[in-house]
file coords36.cif (mmCIF, C-alpha atoms)
data_work
#
loop_
_atom_site.group_PDB
_atom_site.id
_atom_site.type_symbol
_atom_site.label_atom_id
_atom_site.label_comp_id
_atom_site.auth_asym_id
_atom_site.auth_seq_id
_atom_site.Cartn_x
_atom_site.Cartn_y
_atom_site.Cartn_z
ATOM 1 C CA MET A 1 13.255 -25.752 2.539
ATOM 2 C CA ARG A 2 15.340 -26.127 -0.602
ATOM 3 C CA GLN A 3 14.119 -24.977 -4.014
ATOM 4 C CA THR A 4 14.911 -27.545 -6.718
ATOM 5 C CA VAL A 5 14.153 -25.630 -9.941
ATOM 6 C CA PRO A 6 13.825 -22.034 -11.184
ATOM 7 C CA VAL A 7 10.301 -20.724 -10.545
ATOM 8 C CA TYR A 8 8.304 -18.326 -12.715
ATOM 9 C CA LEU A 9 5.167 -16.493 -11.630
ATOM 10 C CA ALA A 10 2.789 -15.953 -14.534
ATOM 11 C CA SER A 11 1.229 -12.836 -13.013
ATOM 12 C CA ALA A 12 1.883 -9.119 -12.731
ATOM 13 C CA SER A 13 -0.063 -8.899 -9.452
ATOM 14 C CA PRO A 14 1.982 -7.261 -6.678
ATOM 15 C CA ARG A 15 -0.115 -9.147 -4.131
ATOM 16 C CA ARG A 16 0.810 -12.519 -5.625
ATOM 17 C CA ARG A 17 4.463 -11.472 -5.772
ATOM 18 C CA GLU A 18 4.293 -10.561 -2.087
ATOM 19 C CA ILE A 19 2.732 -13.893 -1.093
ATOM 20 C CA LEU A 20 5.195 -15.946 -3.129
ATOM 21 C CA SER A 21 8.061 -13.990 -1.551
ATOM 22 C CA MET A 22 6.653 -14.845 1.879
ATOM 23 C CA LEU A 23 7.110 -18.520 0.993
ATOM 24 C CA GLY A 24 10.833 -17.841 0.675
ATOM 25 C CA ILE A 25 10.883 -18.698 -3.027
ATOM 26 C CA ASP A 26 13.223 -17.089 -5.544
ATOM 27 C CA PHE A 27 11.162 -16.422 -8.648
ATOM 28 C CA THR A 28 10.942 -14.444 -11.861
ATOM 29 C CA VAL A 29 7.805 -12.654 -13.030
ATOM 30 C CA GLU A 30 6.806 -13.536 -16.591
ATOM 31 C CA VAL A 31 3.431 -12.050 -17.439
ATOM 32 C CA SER A 32 1.096 -14.150 -19.554
ATOM 33 C CA ASP A 33 -1.130 -12.330 -22.002
ATOM 34 C CA VAL A 34 -4.008 -14.733 -22.581
ATOM 35 C CA ASP A 35 -7.668 -14.655 -23.518
ATOM 36 C CA GLU A 36 -9.677 -14.724 -20.291
ATOM 37 C CA THR A 37 -13.036 -15.747 -21.756
ATOM 38 C CA VAL A 38 -14.203 -19.191 -20.617
ATOM 39 C CA GLU A 39 -17.166 -21.453 -21.258
ATOM 40 C CA GLU A 40 -17.242 -22.841 -17.723
ATOM 41 C CA THR A 41 -20.017 -21.656 -15.421
ATOM 42 C CA GLU A 42 -18.865 -23.089 -12.089
ATOM 43 C CA PRO A 43 -16.568 -20.676 -10.204
ATOM 44 C CA GLY A 44 -13.990 -23.313 -9.255
ATOM 45 C CA SER A 45 -13.693 -24.467 -12.859
ATOM 46 C CA ILE A 46 -13.452 -20.881 -14.115
ATOM 47 C CA VAL A 47 -10.461 -19.971 -11.955
ATOM 48 C CA GLU A 48 -8.677 -23.300 -12.495
ATOM 49 C CA THR A 49 -9.070 -23.041 -16.277
ATOM 50 C CA LEU A 50 -7.753 -19.470 -16.377
ATOM 51 C CA ALA A 51 -4.888 -20.280 -14.008
ATOM 52 C CA GLU A 52 -3.891 -23.186 -16.251
ATOM 53 C CA ARG A 53 -4.111 -21.040 -19.375
ATOM 54 C CA LYS A 54 -1.811 -18.414 -17.850
ATOM 55 C CA ALA A 55 0.711 -20.935 -16.548
ATOM 56 C CA GLU A 56 0.770 -22.927 -19.790
ATOM 57 C CA ALA A 57 1.408 -19.802 -21.875
ATOM 58 C CA VAL A 58 4.540 -18.996 -19.879
ATOM 59 C CA PHE A 59 5.604 -22.644 -19.602
ATOM 60 C CA THR A 60 5.421 -23.001 -23.384
ATOM 61 C CA ARG A 61 7.447 -19.813 -23.809
ATOM 62 C CA ILE A 62 10.196 -21.197 -21.544
ATOM 63 C CA ASN A 63 10.670 -24.365 -23.564
ATOM 64 C CA LYS A 64 13.913 -25.719 -22.146
ATOM 65 C CA GLY A 65 15.455 -26.803 -18.875
ATOM 66 C CA ASP A 66 14.003 -27.763 -15.524
ATOM 67 C CA VAL A 67 11.465 -25.161 -14.469
ATOM 68 C CA ALA A 68 8.236 -24.567 -12.543
ATOM 69 C CA VAL A 69 5.586 -22.041 -13.592
ATOM 70 C CA ILE A 70 2.780 -20.879 -11.314
ATOM 71 C CA GLY A 71 -0.391 -19.358 -12.743
ATOM 72 C CA SER A 72 -3.313 -18.027 -10.726
ATOM 73 C CA ASP A 73 -6.701 -16.416 -11.189
ATOM 74 C CA THR A 74 -9.181 -14.908 -8.732
ATOM 75 C CA ILE A 75 -12.871 -14.105 -9.032
ATOM 76 C CA VAL A 76 -15.538 -12.792 -6.686
ATOM 77 C CA TRP A 77 -18.787 -14.781 -6.762
ATOM 78 C CA LYS A 78 -22.051 -13.255 -5.553
ATOM 79 C CA ASP A 79 -25.592 -14.491 -6.090
ATOM 80 C CA GLY A 80 -24.569 -16.945 -8.779
ATOM 81 C CA LYS A 81 -22.513 -14.582 -10.915
ATOM 82 C CA VAL A 82 -18.962 -13.384 -11.334
ATOM 83 C CA LEU A 83 -17.970 -9.892 -10.241
ATOM 84 C CA GLY A 84 -14.867 -9.084 -12.266
ATOM 85 C CA LYS A 85 -12.737 -5.960 -12.382
ATOM 86 C CA PRO A 86 -14.842 -2.800 -12.733
ATOM 87 C CA VAL A 87 -14.714 -1.065 -16.106
ATOM 88 C CA ASP A 88 -15.099 2.411 -14.596
ATOM 89 C CA ARG A 89 -15.946 4.204 -11.365
ATOM 90 C CA ALA A 90 -19.697 3.819 -11.840
ATOM 91 C CA ASP A 91 -19.230 0.076 -12.282
ATOM 92 C CA ALA A 92 -17.155 -0.058 -9.092
ATOM 93 C CA GLU A 93 -19.897 1.779 -7.200
ATOM 94 C CA ARG A 94 -22.478 -0.682 -8.553
ATOM 95 C CA MET A 95 -20.429 -3.687 -7.390
ATOM 96 C CA LEU A 96 -19.747 -2.227 -3.948
ATOM 97 C CA THR A 97 -23.435 -1.469 -3.466
ATOM 98 C CA GLU A 98 -24.186 -5.075 -4.386
ATOM 99 C CA LEU A 99 -21.578 -6.382 -1.914
ATOM 100 C CA SER A 100 -22.631 -4.053 0.934
ATOM 101 C CA GLY A 101 -24.046 -5.845 3.967
ATOM 102 C CA GLY A 102 -23.750 -9.300 2.431
ATOM 103 C CA ILE A 103 -21.431 -12.251 1.930
ATOM 104 C CA ASN A 104 -19.477 -12.932 -1.245
ATOM 105 C CA THR A 105 -17.202 -15.861 -2.026
ATOM 106 C CA VAL A 106 -13.707 -15.389 -3.411
ATOM 107 C CA TYR A 107 -12.344 -18.224 -5.540
ATOM 108 C CA THR A 108 -8.654 -18.426 -6.386
ATOM 109 C CA GLY A 109 -7.405 -21.065 -8.798
ATOM 110 C CA VAL A 110 -3.777 -22.126 -9.132
ATOM 111 C CA CYS A 111 -2.001 -24.211 -11.754
ATOM 112 C CA ILE A 112 1.614 -25.361 -11.545
ATOM 113 C CA PHE A 113 3.549 -26.743 -14.484
ATOM 114 C CA LEU A 114 6.781 -28.499 -13.529
ATOM 115 C CA ARG A 115 9.404 -29.894 -15.893
ATOM 116 C CA LYS A 116 12.251 -32.041 -14.553
ATOM 117 C CA GLY A 117 14.251 -33.769 -17.241
ATOM 118 C CA ASN A 118 11.786 -35.421 -19.612
ATOM 119 C CA THR A 119 8.932 -35.420 -17.102
ATOM 120 C CA VAL A 120 6.199 -32.766 -17.073
ATOM 121 C CA VAL A 121 3.784 -32.526 -14.147
ATOM 122 C CA LYS A 122 0.641 -30.378 -14.042
ATOM 123 C CA GLU A 123 -1.071 -29.647 -10.740
ATOM 124 C CA ARG A 124 -4.221 -27.507 -10.556
ATOM 125 C CA PHE A 125 -6.545 -26.682 -7.686
ATOM 126 C CA HIS A 126 -8.673 -23.911 -6.228
ATOM 127 C CA CYS A 127 -9.567 -22.545 -2.798
ATOM 128 C CA ALA A 128 -12.593 -20.523 -1.702
ATOM 129 C CA ALA A 129 -13.250 -18.124 1.164
ATOM 130 C CA ASP A 130 -16.402 -16.264 2.227
ATOM 131 C CA VAL A 131 -16.057 -12.529 2.842
ATOM 132 C CA GLU A 132 -18.637 -10.638 4.914
ATOM 133 C CA PHE A 133 -19.117 -6.958 4.131
ATOM 134 C CA ALA A 134 -20.431 -4.431 6.608
ATOM 135 C CA PRO A 135 -23.259 -2.255 5.308
ATOM 136 C CA MET A 136 -21.811 0.668 3.336
ATOM 137 C CA SER A 137 -23.488 4.043 3.052
ATOM 138 C CA ASP A 138 -23.781 5.715 -0.349
ATOM 139 C CA GLU A 139 -21.124 8.164 0.819
ATOM 140 C CA GLU A 140 -18.739 5.343 1.720
ATOM 141 C CA VAL A 141 -19.344 3.646 -1.629
ATOM 142 C CA ARG A 142 -18.585 6.875 -3.499
ATOM 143 C CA TRP A 143 -15.519 7.588 -1.360
ATOM 144 C CA TYR A 144 -13.994 4.133 -1.781
ATOM 145 C CA ALA A 145 -14.665 4.008 -5.516
ATOM 146 C CA GLY A 146 -13.087 7.457 -5.768
ATOM 147 C CA THR A 147 -9.814 6.288 -4.186
ATOM 148 C CA GLY A 148 -9.048 4.298 -7.335
ATOM 149 C CA GLU A 149 -8.126 1.182 -5.343
ATOM 150 C CA PRO A 150 -11.086 -0.879 -6.608
ATOM 151 C CA MET A 151 -10.314 -0.351 -10.279
ATOM 152 C CA ASP A 152 -7.954 -3.291 -10.854
ATOM 153 C CA LYS A 153 -9.482 -5.638 -8.270
ATOM 154 C CA ALA A 154 -11.935 -8.472 -8.803
ATOM 155 C CA GLY A 155 -15.156 -7.464 -7.090
ATOM 156 C CA ALA A 156 -13.911 -3.866 -6.769
ATOM 157 C CA TYR A 157 -12.228 -4.258 -3.386
ATOM 158 C CA ALA A 158 -8.868 -5.046 -1.799
ATOM 159 C CA VAL A 159 -9.089 -6.814 1.554
ATOM 160 C CA GLN A 160 -5.458 -5.895 2.330
ATOM 161 C CA GLY A 161 -5.935 -2.223 1.429
ATOM 162 C CA LEU A 162 -8.379 0.589 2.129
ATOM 163 C CA GLY A 163 -11.232 -1.835 1.505
ATOM 164 C CA GLY A 164 -10.297 -3.774 4.640
ATOM 165 C CA ARG A 165 -12.231 -1.301 6.777
ATOM 166 C CA PHE A 166 -15.490 -2.623 5.335
ATOM 167 C CA ILE A 167 -14.736 -6.325 5.925
ATOM 168 C CA ARG A 168 -16.455 -7.790 8.988
ATOM 169 C CA GLY A 169 -15.042 -11.265 8.664
ATOM 170 C CA ILE A 170 -13.503 -13.937 6.476
ATOM 171 C CA ASN A 171 -14.445 -17.601 6.649
ATOM 172 C CA GLY A 172 -11.530 -19.349 4.995
ATOM 173 C CA ASP A 173 -7.981 -18.524 3.981
ATOM 174 C CA TYR A 174 -7.074 -14.824 3.987
ATOM 175 C CA TYR A 175 -4.457 -15.337 1.279
ATOM 176 C CA THR A 176 -7.059 -16.887 -1.025
ATOM 177 C CA VAL A 177 -8.849 -13.533 -0.872
ATOM 178 C CA MET A 178 -5.575 -11.726 -1.607
ATOM 179 C CA GLY A 179 -5.061 -13.855 -4.702
ATOM 180 C CA LEU A 180 -2.769 -16.796 -3.867
ATOM 181 C CA PRO A 181 -3.613 -19.428 -1.200
ATOM 182 C CA MET A 182 -0.268 -19.626 0.552
ATOM 183 C CA ASN A 183 -0.587 -22.836 2.570
ATOM 184 C CA ALA A 184 -2.258 -24.832 -0.211
ATOM 185 C CA LEU A 185 0.376 -23.658 -2.698
ATOM 186 C CA TYR A 186 3.200 -24.515 -0.298
ATOM 187 C CA GLU A 187 1.830 -28.029 0.188
ATOM 188 C CA LYS A 188 1.468 -28.605 -3.575
ATOM 189 C CA LEU A 189 5.012 -27.347 -4.239
ATOM 190 C CA ARG A 190 6.288 -29.811 -1.645
ATOM 191 C CA LYS A 191 4.143 -32.623 -3.042
ATOM 192 C CA ILE A 192 5.506 -32.345 -6.580
ATOM 193 C CA GLY A 193 9.103 -31.676 -5.509
ATOM 194 C CA VAL A 194 9.596 -27.980 -6.263
ATOM 195 C CA LEU A 195 10.401 -27.549 -2.572
ATOM 196 C CA LEU A 196 12.249 -30.156 -0.546
ATOM 197 C CA ALA A 197 12.921 -30.291 3.178
ATOM 198 C CA GLU A 198 16.555 -29.715 4.073
ATOM 199 C CA THR A 199 18.265 -32.820 5.411
ATOM 200 C CA ARG A 200 20.850 -32.513 8.148
ATOM 201 C CA SER A 201 24.140 -34.254 7.577
#

call {"tool": "encode", "arguments": {"input": "coords36.cif", "output": "structure tokens"}}
result
Amino acid sequence: MRQTVPVYLASASPRRREILSMLGIDFTVEVSDVDETVEETEPGSIVETLAERKAEAVFTRINKGDVAVIGSDTIVWKDGKVLGKPVDRADAERMLTELSGGINTVYTGVCIFLRKGNTVVKERFHCAADVEFAPMSDEEVRWYAGTGEPMDKAGAYAVQGLGGRFIRGINGDYYTVMGLPMNALYEKLRKIGVLLAETRS
């Protein structure tokens, strides 16, 4: 595949950087500092709105030349409410106890802004995946919260880290749970022309 424009990732997440690198894309990280309060109540709308807000902030900052900016946001949804990043260890323990032995749904929204010449294209979408937790003992909850890993993770767990030992199964895309749905993103980047298939001469 051939990349047609410079790409910026509007996220400081090392997991999103890793996934975008796996797509073979050369990109620059440009962190967006935006207000993450939303009026939406549906999880898909929440993550799409926040992803768009992040991408637009960086896209506006880079106000010249052909460019693509990718923004993303991830939430954990359980029993009709959002589980965000824990504020402290006690909050992490509360979330993990709530997740123990049940199924939560991870929603990741993505928004791409693309400028080529005088044309601007916006593409936004979201993916969802169900994550089944094994029952966790109080000791396991305290241990995992004490590792510090949950503290900057939506829902207080990292499927690709120490938290993976408590995950019984995932119904859906693994990379959606990590924070960037790789296949869906790849297909959108091809659709709007950020990536083009190489042609043989």

call {"tool": "closest_residue", "arguments": {"input": "coords36.cif", "among": "A:Ala197, A:Met1, A:Val131, A:Leu9", "to": "Phe27 of chain A", "atoms": "all atoms listed in the file"}}
result
A:Leu9

call {"tool": "atom_distance", "arguments": {"input": "coords36.cif", "atom1": "atom CA of Gly80 of chain A", "atom2": "atom CA of Pro14 of chain A"}}
result
28.3 Å

call {"tool": "resolve_selection", "arguments": {"input": "coords36.cif", "expression": "the PyMOL selection byres ((chain A and resi 107) around 8)", "output": "JSON, numbers by chain"}}
result
{"A": [43, 44, 47, 74, 75, 76, 77, 105, 106, 108, 109, 126, 127, 128, 129, 176, 177]}

call {"tool": "residues_around", "arguments": {"input": "coords36.cif", "residues": "Gly193 of chain A", "least_positions_apart": "5", "cutoff": "9 Å", "atoms": "only C-alpha atoms", "output": "ChimeraX atom specification"}}
result
/A:3-4,114,188

call {"tool": "resolve_selection", "arguments": {"input": "coords36.cif", "expression": "the PyMOL selection byres ((chain A and resi 118-125) around 12)", "output": "JSON, numbers by chain"}}
result
{"A": [43, 44, 45, 46, 47, 48, 49, 50, 51, 52, 53, 54, 55, 56, 59, 60, 63, 64, 65, 66, 67, 68, 69, 70, 71, 72, 73, 107, 108, 109, 110, 111, 112, 113, 114, 115, 116, 117, 126, 127, 128, 176, 180, 181, 184, 185, 187, 188, 189, 190, 191, 192, 193, 194]}

call {"tool": "write_last_selection", "arguments": {"input": "coords36.cif", "atoms": "C-alpha atoms", "output": "PDB file, in the coordinates of the input"}}
result
ATOM      1  CA  PRO A  43     -16.568 -20.676 -10.204  1.00  0.00           C
ATOM      2  CA  GLY A  44     -13.990 -23.313  -9.255  1.00  0.00           C
ATOM      3  CA  SER A  45     -13.693 -24.467 -12.859  1.00  0.00           C
ATOM      4  CA  ILE A  46     -13.452 -20.881 -14.115  1.00  0.00           C
ATOM      5  CA  VAL A  47     -10.461 -19.971 -11.955  1.00  0.00           C
ATOM      6  CA  GLU A  48      -8.677 -23.300 -12.495  1.00  0.00           C
ATOM      7  CA  THR A  49      -9.070 -23.041 -16.277  1.00  0.00           C
ATOM      8  CA  LEU A  50      -7.753 -19.470 -16.377  1.00  0.00           C
ATOM      9  CA  ALA A  51      -4.888 -20.280 -14.008  1.00  0.00           C
ATOM     10  CA  GLU A  52      -3.891 -23.186 -16.251  1.00  0.00           C
ATOM     11  CA  ARG A  53      -4.111 -21.040 -19.375  1.00  0.00           C
ATOM     12  CA  LYS A  54      -1.811 -18.414 -17.850  1.00  0.00           C
ATOM     13  CA  ALA A  55       0.711 -20.935 -16.548  1.00  0.00           C
ATOM     14  CA  GLU A  56       0.770 -22.927 -19.790  1.00  0.00           C
ATOM     15  CA  PHE A  59       5.604 -22.644 -19.602  1.00  0.00           C
ATOM     16  CA  THR A  60       5.421 -23.001 -23.384  1.00  0.00           C
ATOM     17  CA  ASN A  63      10.670 -24.365 -23.564  1.00  0.00           C
ATOM     18  CA  LYS A  64      13.913 -25.719 -22.146  1.00  0.00           C
ATOM     19  CA  GLY A  65      15.455 -26.803 -18.875  1.00  0.00           C
ATOM     20  CA  ASP A  66      14.003 -27.763 -15.524  1.00  0.00           C
ATOM     21  CA  VAL A  67      11.465 -25.161 -14.469  1.00  0.00           C
ATOM     22  CA  ALA A  68       8.236 -24.567 -12.543  1.00  0.00           C
ATOM     23  CA  VAL A  69       5.586 -22.041 -13.592  1.00  0.00           C
ATOM     24  CA  ILE A  70       2.780 -20.879 -11.314  1.00  0.00           C
ATOM     25  CA  GLY A  71      -0.391 -19.358 -12.743  1.00  0.00           C
ATOM     26  CA  SER A  72      -3.313 -18.027 -10.726  1.00  0.00           C
ATOM     27  CA  ASP A  73      -6.701 -16.416 -11.189  1.00  0.00           C
ATOM     28  CA  TYR A 107     -12.344 -18.224  -5.540  1.00  0.00           C
ATOM     29  CA  THR A 108      -8.654 -18.426  -6.386  1.00  0.00           C
ATOM     30  CA  GLY A 109      -7.405 -21.065  -8.798  1.00  0.00           C
ATOM     31  CA  VAL A 110      -3.777 -22.126  -9.132  1.00  0.00           C
ATOM     32  CA  CYS A 111      -2.001 -24.211 -11.754  1.00  0.00           C
ATOM     33  CA  ILE A 112       1.614 -25.361 -11.545  1.00  0.00           C
ATOM     34  CA  PHE A 113       3.549 -26.743 -14.484  1.00  0.00           C
ATOM     35  CA  LEU A 114       6.781 -28.499 -13.529  1.00  0.00           C
ATOM     36  CA  ARG A 115       9.404 -29.894 -15.893  1.00  0.00           C
ATOM     37  CA  LYS A 116      12.251 -32.041 -14.553  1.00  0.00           C
ATOM     38  CA  GLY A 117      14.251 -33.769 -17.241  1.00  0.00           C
ATOM     39  CA  HIS A 126      -8.673 -23.911  -6.228  1.00  0.00           C
ATOM     40  CA  CYS A 127      -9.567 -22.545  -2.798  1.00  0.00           C
ATOM     41  CA  ALA A 128     -12.593 -20.523  -1.702  1.00  0.00           C
ATOM     42  CA  THR A 176      -7.059 -16.887  -1.025  1.00  0.00           C
ATOM     43  CA  LEU A 180      -2.769 -16.796  -3.867  1.00  0.00           C
ATOM     44  CA  PRO A 181      -3.613 -19.428  -1.200  1.00  0.00           C
ATOM     45  CA  ALA A 184      -2.258 -24.832  -0.211  1.00  0.00           C
ATOM     46  CA  LEU A 185       0.376 -23.658  -2.698  1.00  0.00           C
ATOM     47  CA  GLU A 187       1.830 -28.029   0.188  1.00  0.00           C
ATOM     48  CA  LYS A 188       1.468 -28.605  -3.575  1.00  0.00           C
ATOM     49  CA  LEU A 189       5.012 -27.347  -4.239  1.00  0.00           C
ATOM     50  CA  ARG A 190       6.288 -29.811  -1.645  1.00  0.00           C
ATOM     51  CA  LYS A 191       4.143 -32.623  -3.042  1.00  0.00           C
ATOM     52  CA  ILE A 192       5.506 -32.345  -6.580  1.00  0.00           C
ATOM     53  CA  GLY A 193       9.103 -31.676  -5.509  1.00  0.00           C
ATOM     54  CA  VAL A 194       9.596 -27.980  -6.263  1.00  0.00           C
TER      55      VAL A 194
END

call {"tool": "closest_residue", "arguments": {"input": "coords36.cif", "among": "A:Glu140, A:Asp91, A:Asn171, A:Asp130", "to": "Lys78 of chain A", "atoms": "only C-alpha atoms"}}
result
A:Asp130

call {"tool": "residues_around", "arguments": {"input": "coords36.cif", "residues": "Leu96 of chain A", "least_positions_apart": "3", "cutoff": "12 Å", "atoms": "only C-alpha atoms", "output": "PyMOL selection string"}}
result
chain A and resi 76+78+83-86+89-93+99-104+133-146+150-151+153-158+163+166-167

call {"tool": "write_last_selection", "arguments": {"input": "coords36.cif", "atoms": "C-alpha atoms", "output": "JSON list (two decimals), in the coordinates of the input"}}
result
[["chain", "number", "residue", "atom", "x", "y", "z"],
["A", 76, "VAL", "CA", -15.54, -12.79, -6.69],
["A", 78, "LYS", "CA", -22.05, -13.26, -5.55],
["A", 83, "LEU", "CA", -17.97, -9.89, -10.24],
["A", 84, "GLY", "CA", -14.87, -9.08, -12.27],
["A", 85, "LYS", "CA", -12.74, -5.96, -12.38],
["A", 86, "PRO", "CA", -14.84, -2.80, -12.73],
["A", 89, "ARG", "CA", -15.95, 4.20, -11.36],
["A", 90, "ALA", "CA", -19.70, 3.82, -11.84],
["A", 91, "ASP", "CA", -19.23, 0.08, -12.28],
["A", 92, "ALA", "CA", -17.16, -0.06, -9.09],
["A", 93, "GLU", "CA", -19.90, 1.78, -7.20],
["A", 99, "LEU", "CA", -21.58, -6.38, -1.91],
["A", 100, "SER", "CA", -22.63, -4.05, 0.93],
["A", 101, "GLY", "CA", -24.05, -5.84, 3.97],
["A", 102, "GLY", "CA", -23.75, -9.30, 2.43],
["A", 103, "ILE", "CA", -21.43, -12.25, 1.93],
["A", 104, "ASN", "CA", -19.48, -12.93, -1.25],
["A", 133, "PHE", "CA", -19.12, -6.96, 4.13],
["A", 134, "ALA", "CA", -20.43, -4.43, 6.61],
["A", 135, "PRO", "CA", -23.26, -2.26, 5.31],
["A", 136, "MET", "CA", -21.81, 0.67, 3.34],
["A", 137, "SER", "CA", -23.49, 4.04, 3.05],
["A", 138, "ASP", "CA", -23.78, 5.72, -0.35],
["A", 139, "GLU", "CA", -21.12, 8.16, 0.82],
["A", 140, "GLU", "CA", -18.74, 5.34, 1.72],
["A", 141, "VAL", "CA", -19.34, 3.65, -1.63],
["A", 142, "ARG", "CA", -18.58, 6.88, -3.50],
["A", 143, "TRP", "CA", -15.52, 7.59, -1.36],
["A", 144, "TYR", "CA", -13.99, 4.13, -1.78],
["A", 145, "ALA", "CA", -14.66, 4.01, -5.52],
["A", 146, "GLY", "CA", -13.09, 7.46, -5.77],
["A", 150, "PRO", "CA", -11.09, -0.88, -6.61],
["A", 151, "MET", "CA", -10.31, -0.35, -10.28],
["A", 153, "LYS", "CA", -9.48, -5.64, -8.27],
["A", 154, "ALA", "CA", -11.94, -8.47, -8.80],
["A", 155, "GLY", "CA", -15.16, -7.46, -7.09],
["A", 156, "ALA", "CA", -13.91, -3.87, -6.77],
["A", 157, "TYR", "CA", -12.23, -4.26, -3.39],
["A", 158, "ALA", "CA", -8.87, -5.05, -1.80],
["A", 163, "GLY", "CA", -11.23, -1.84, 1.50],
["A", 166, "PHE", "CA", -15.49, -2.62, 5.34],
["A", 167, "ILE", "CA", -14.74, -6.32, 5.92]]

call {"tool": "atom_distance", "arguments": {"input": "coords36.cif", "atom1": "atom CA of Glu132 of chain A", "atom2": "atom CA of Met182 of chain A"}}
result
20.9 Å

call {"tool": "atom_distance", "arguments": {"input": "coords36.cif", "atom1": "atom CA of Glu36 of chain A", "atom2": "atom CA of Met95 of chain A"}}
result
20.1 Å

call {"tool": "axis_aligned_box", "arguments": {"input": "coords36.cif", "around": "segment 89-93 of chain A", "padding_each_side": "4 Å", "output": "AutoDock Vina command-line options"}}
result
--center_x -17.9 --center_y 2.1 --center_z -9.7 --size_x 12.0 --size_y 12.3 --size_z 13.1

call {"tool": "decode", "arguments": {"input": "coords36.cif", "residues": "segment 87-103 of chain A", "atoms": "N, CA and C atoms", "output": "short mmCIF file (atom, residue, chain, number, x, y, z; two decimals), in the first residue's frame"}}
result
data_model
loop_
_atom_site.label_atom_id
_atom_site.label_comp_id
_atom_site.auth_asym_id
_atom_site.auth_seq_id
_atom_site.Cartn_x
_atom_site.Cartn_y
_atom_site.Cartn_z
N VAL A 87 -10.39 7.27 39.07
CA VAL A 87 -9.78 8.46 39.65
C VAL A 87 -8.72 8.11 40.70
N ASP A 88 -8.85 6.93 41.29
CA ASP A 88 -7.86 6.47 42.27
C ASP A 88 -7.97 4.95 42.40
N ARG A 89 -7.15 4.38 43.27
CA ARG A 89 -7.12 2.93 43.41
C ARG A 89 -8.46 2.36 43.88
N ALA A 90 -9.10 3.05 44.80
CA ALA A 90 -10.40 2.58 45.30
C ALA A 90 -11.43 2.55 44.18
N ASP A 91 -11.37 3.54 43.30
CA ASP A 91 -12.29 3.60 42.17
C ASP A 91 -12.00 2.45 41.20
N ALA A 92 -10.73 2.14 41.00
CA ALA A 92 -10.36 1.01 40.15
C ALA A 92 -10.89 -0.30 40.73
N GLU A 93 -10.75 -0.47 42.04
CA GLU A 93 -11.26 -1.68 42.69
C GLU A 93 -12.77 -1.78 42.54
N ARG A 94 -13.46 -0.65 42.65
CA ARG A 94 -14.92 -0.64 42.49
C ARG A 94 -15.31 -1.09 41.08
N MET A 95 -14.63 -0.55 40.07
CA MET A 95 -14.94 -0.92 38.68
C MET A 95 -14.66 -2.39 38.42
N LEU A 96 -13.52 -2.88 38.89
CA LEU A 96 -13.15 -4.27 38.65
C LEU A 96 -14.13 -5.22 39.32
N THR A 97 -14.59 -4.86 40.50
CA THR A 97 -15.59 -5.67 41.19
C THR A 97 -16.89 -5.71 40.38
N GLU A 98 -17.22 -4.58 39.78
CA GLU A 98 -18.43 -4.49 38.96
C GLU A 98 -18.29 -5.33 37.68
N LEU A 99 -17.08 -5.37 37.11
CA LEU A 99 -16.85 -6.12 35.88
C LEU A 99 -16.71 -7.62 36.11
N SER A 100 -16.30 -8.02 37.31
CA SER A 100 -16.00 -9.40 37.64
C SER A 100 -17.17 -10.35 37.32
N GLY A 101 -16.87 -11.39 36.56
CA GLY A 101 -17.86 -12.42 36.28
C GLY A 101 -18.94 -12.03 35.29
N GLY A 102 -18.79 -10.90 34.65
CA GLY A 102 -19.83 -10.43 33.73
C GLY A 102 -19.29 -10.06 32.37
N ILE A 103 -20.16 -9.47 31.56
CA ILE A 103 -19.78 -9.04 30.21
C ILE A 103 -19.94 -7.53 30.10
#
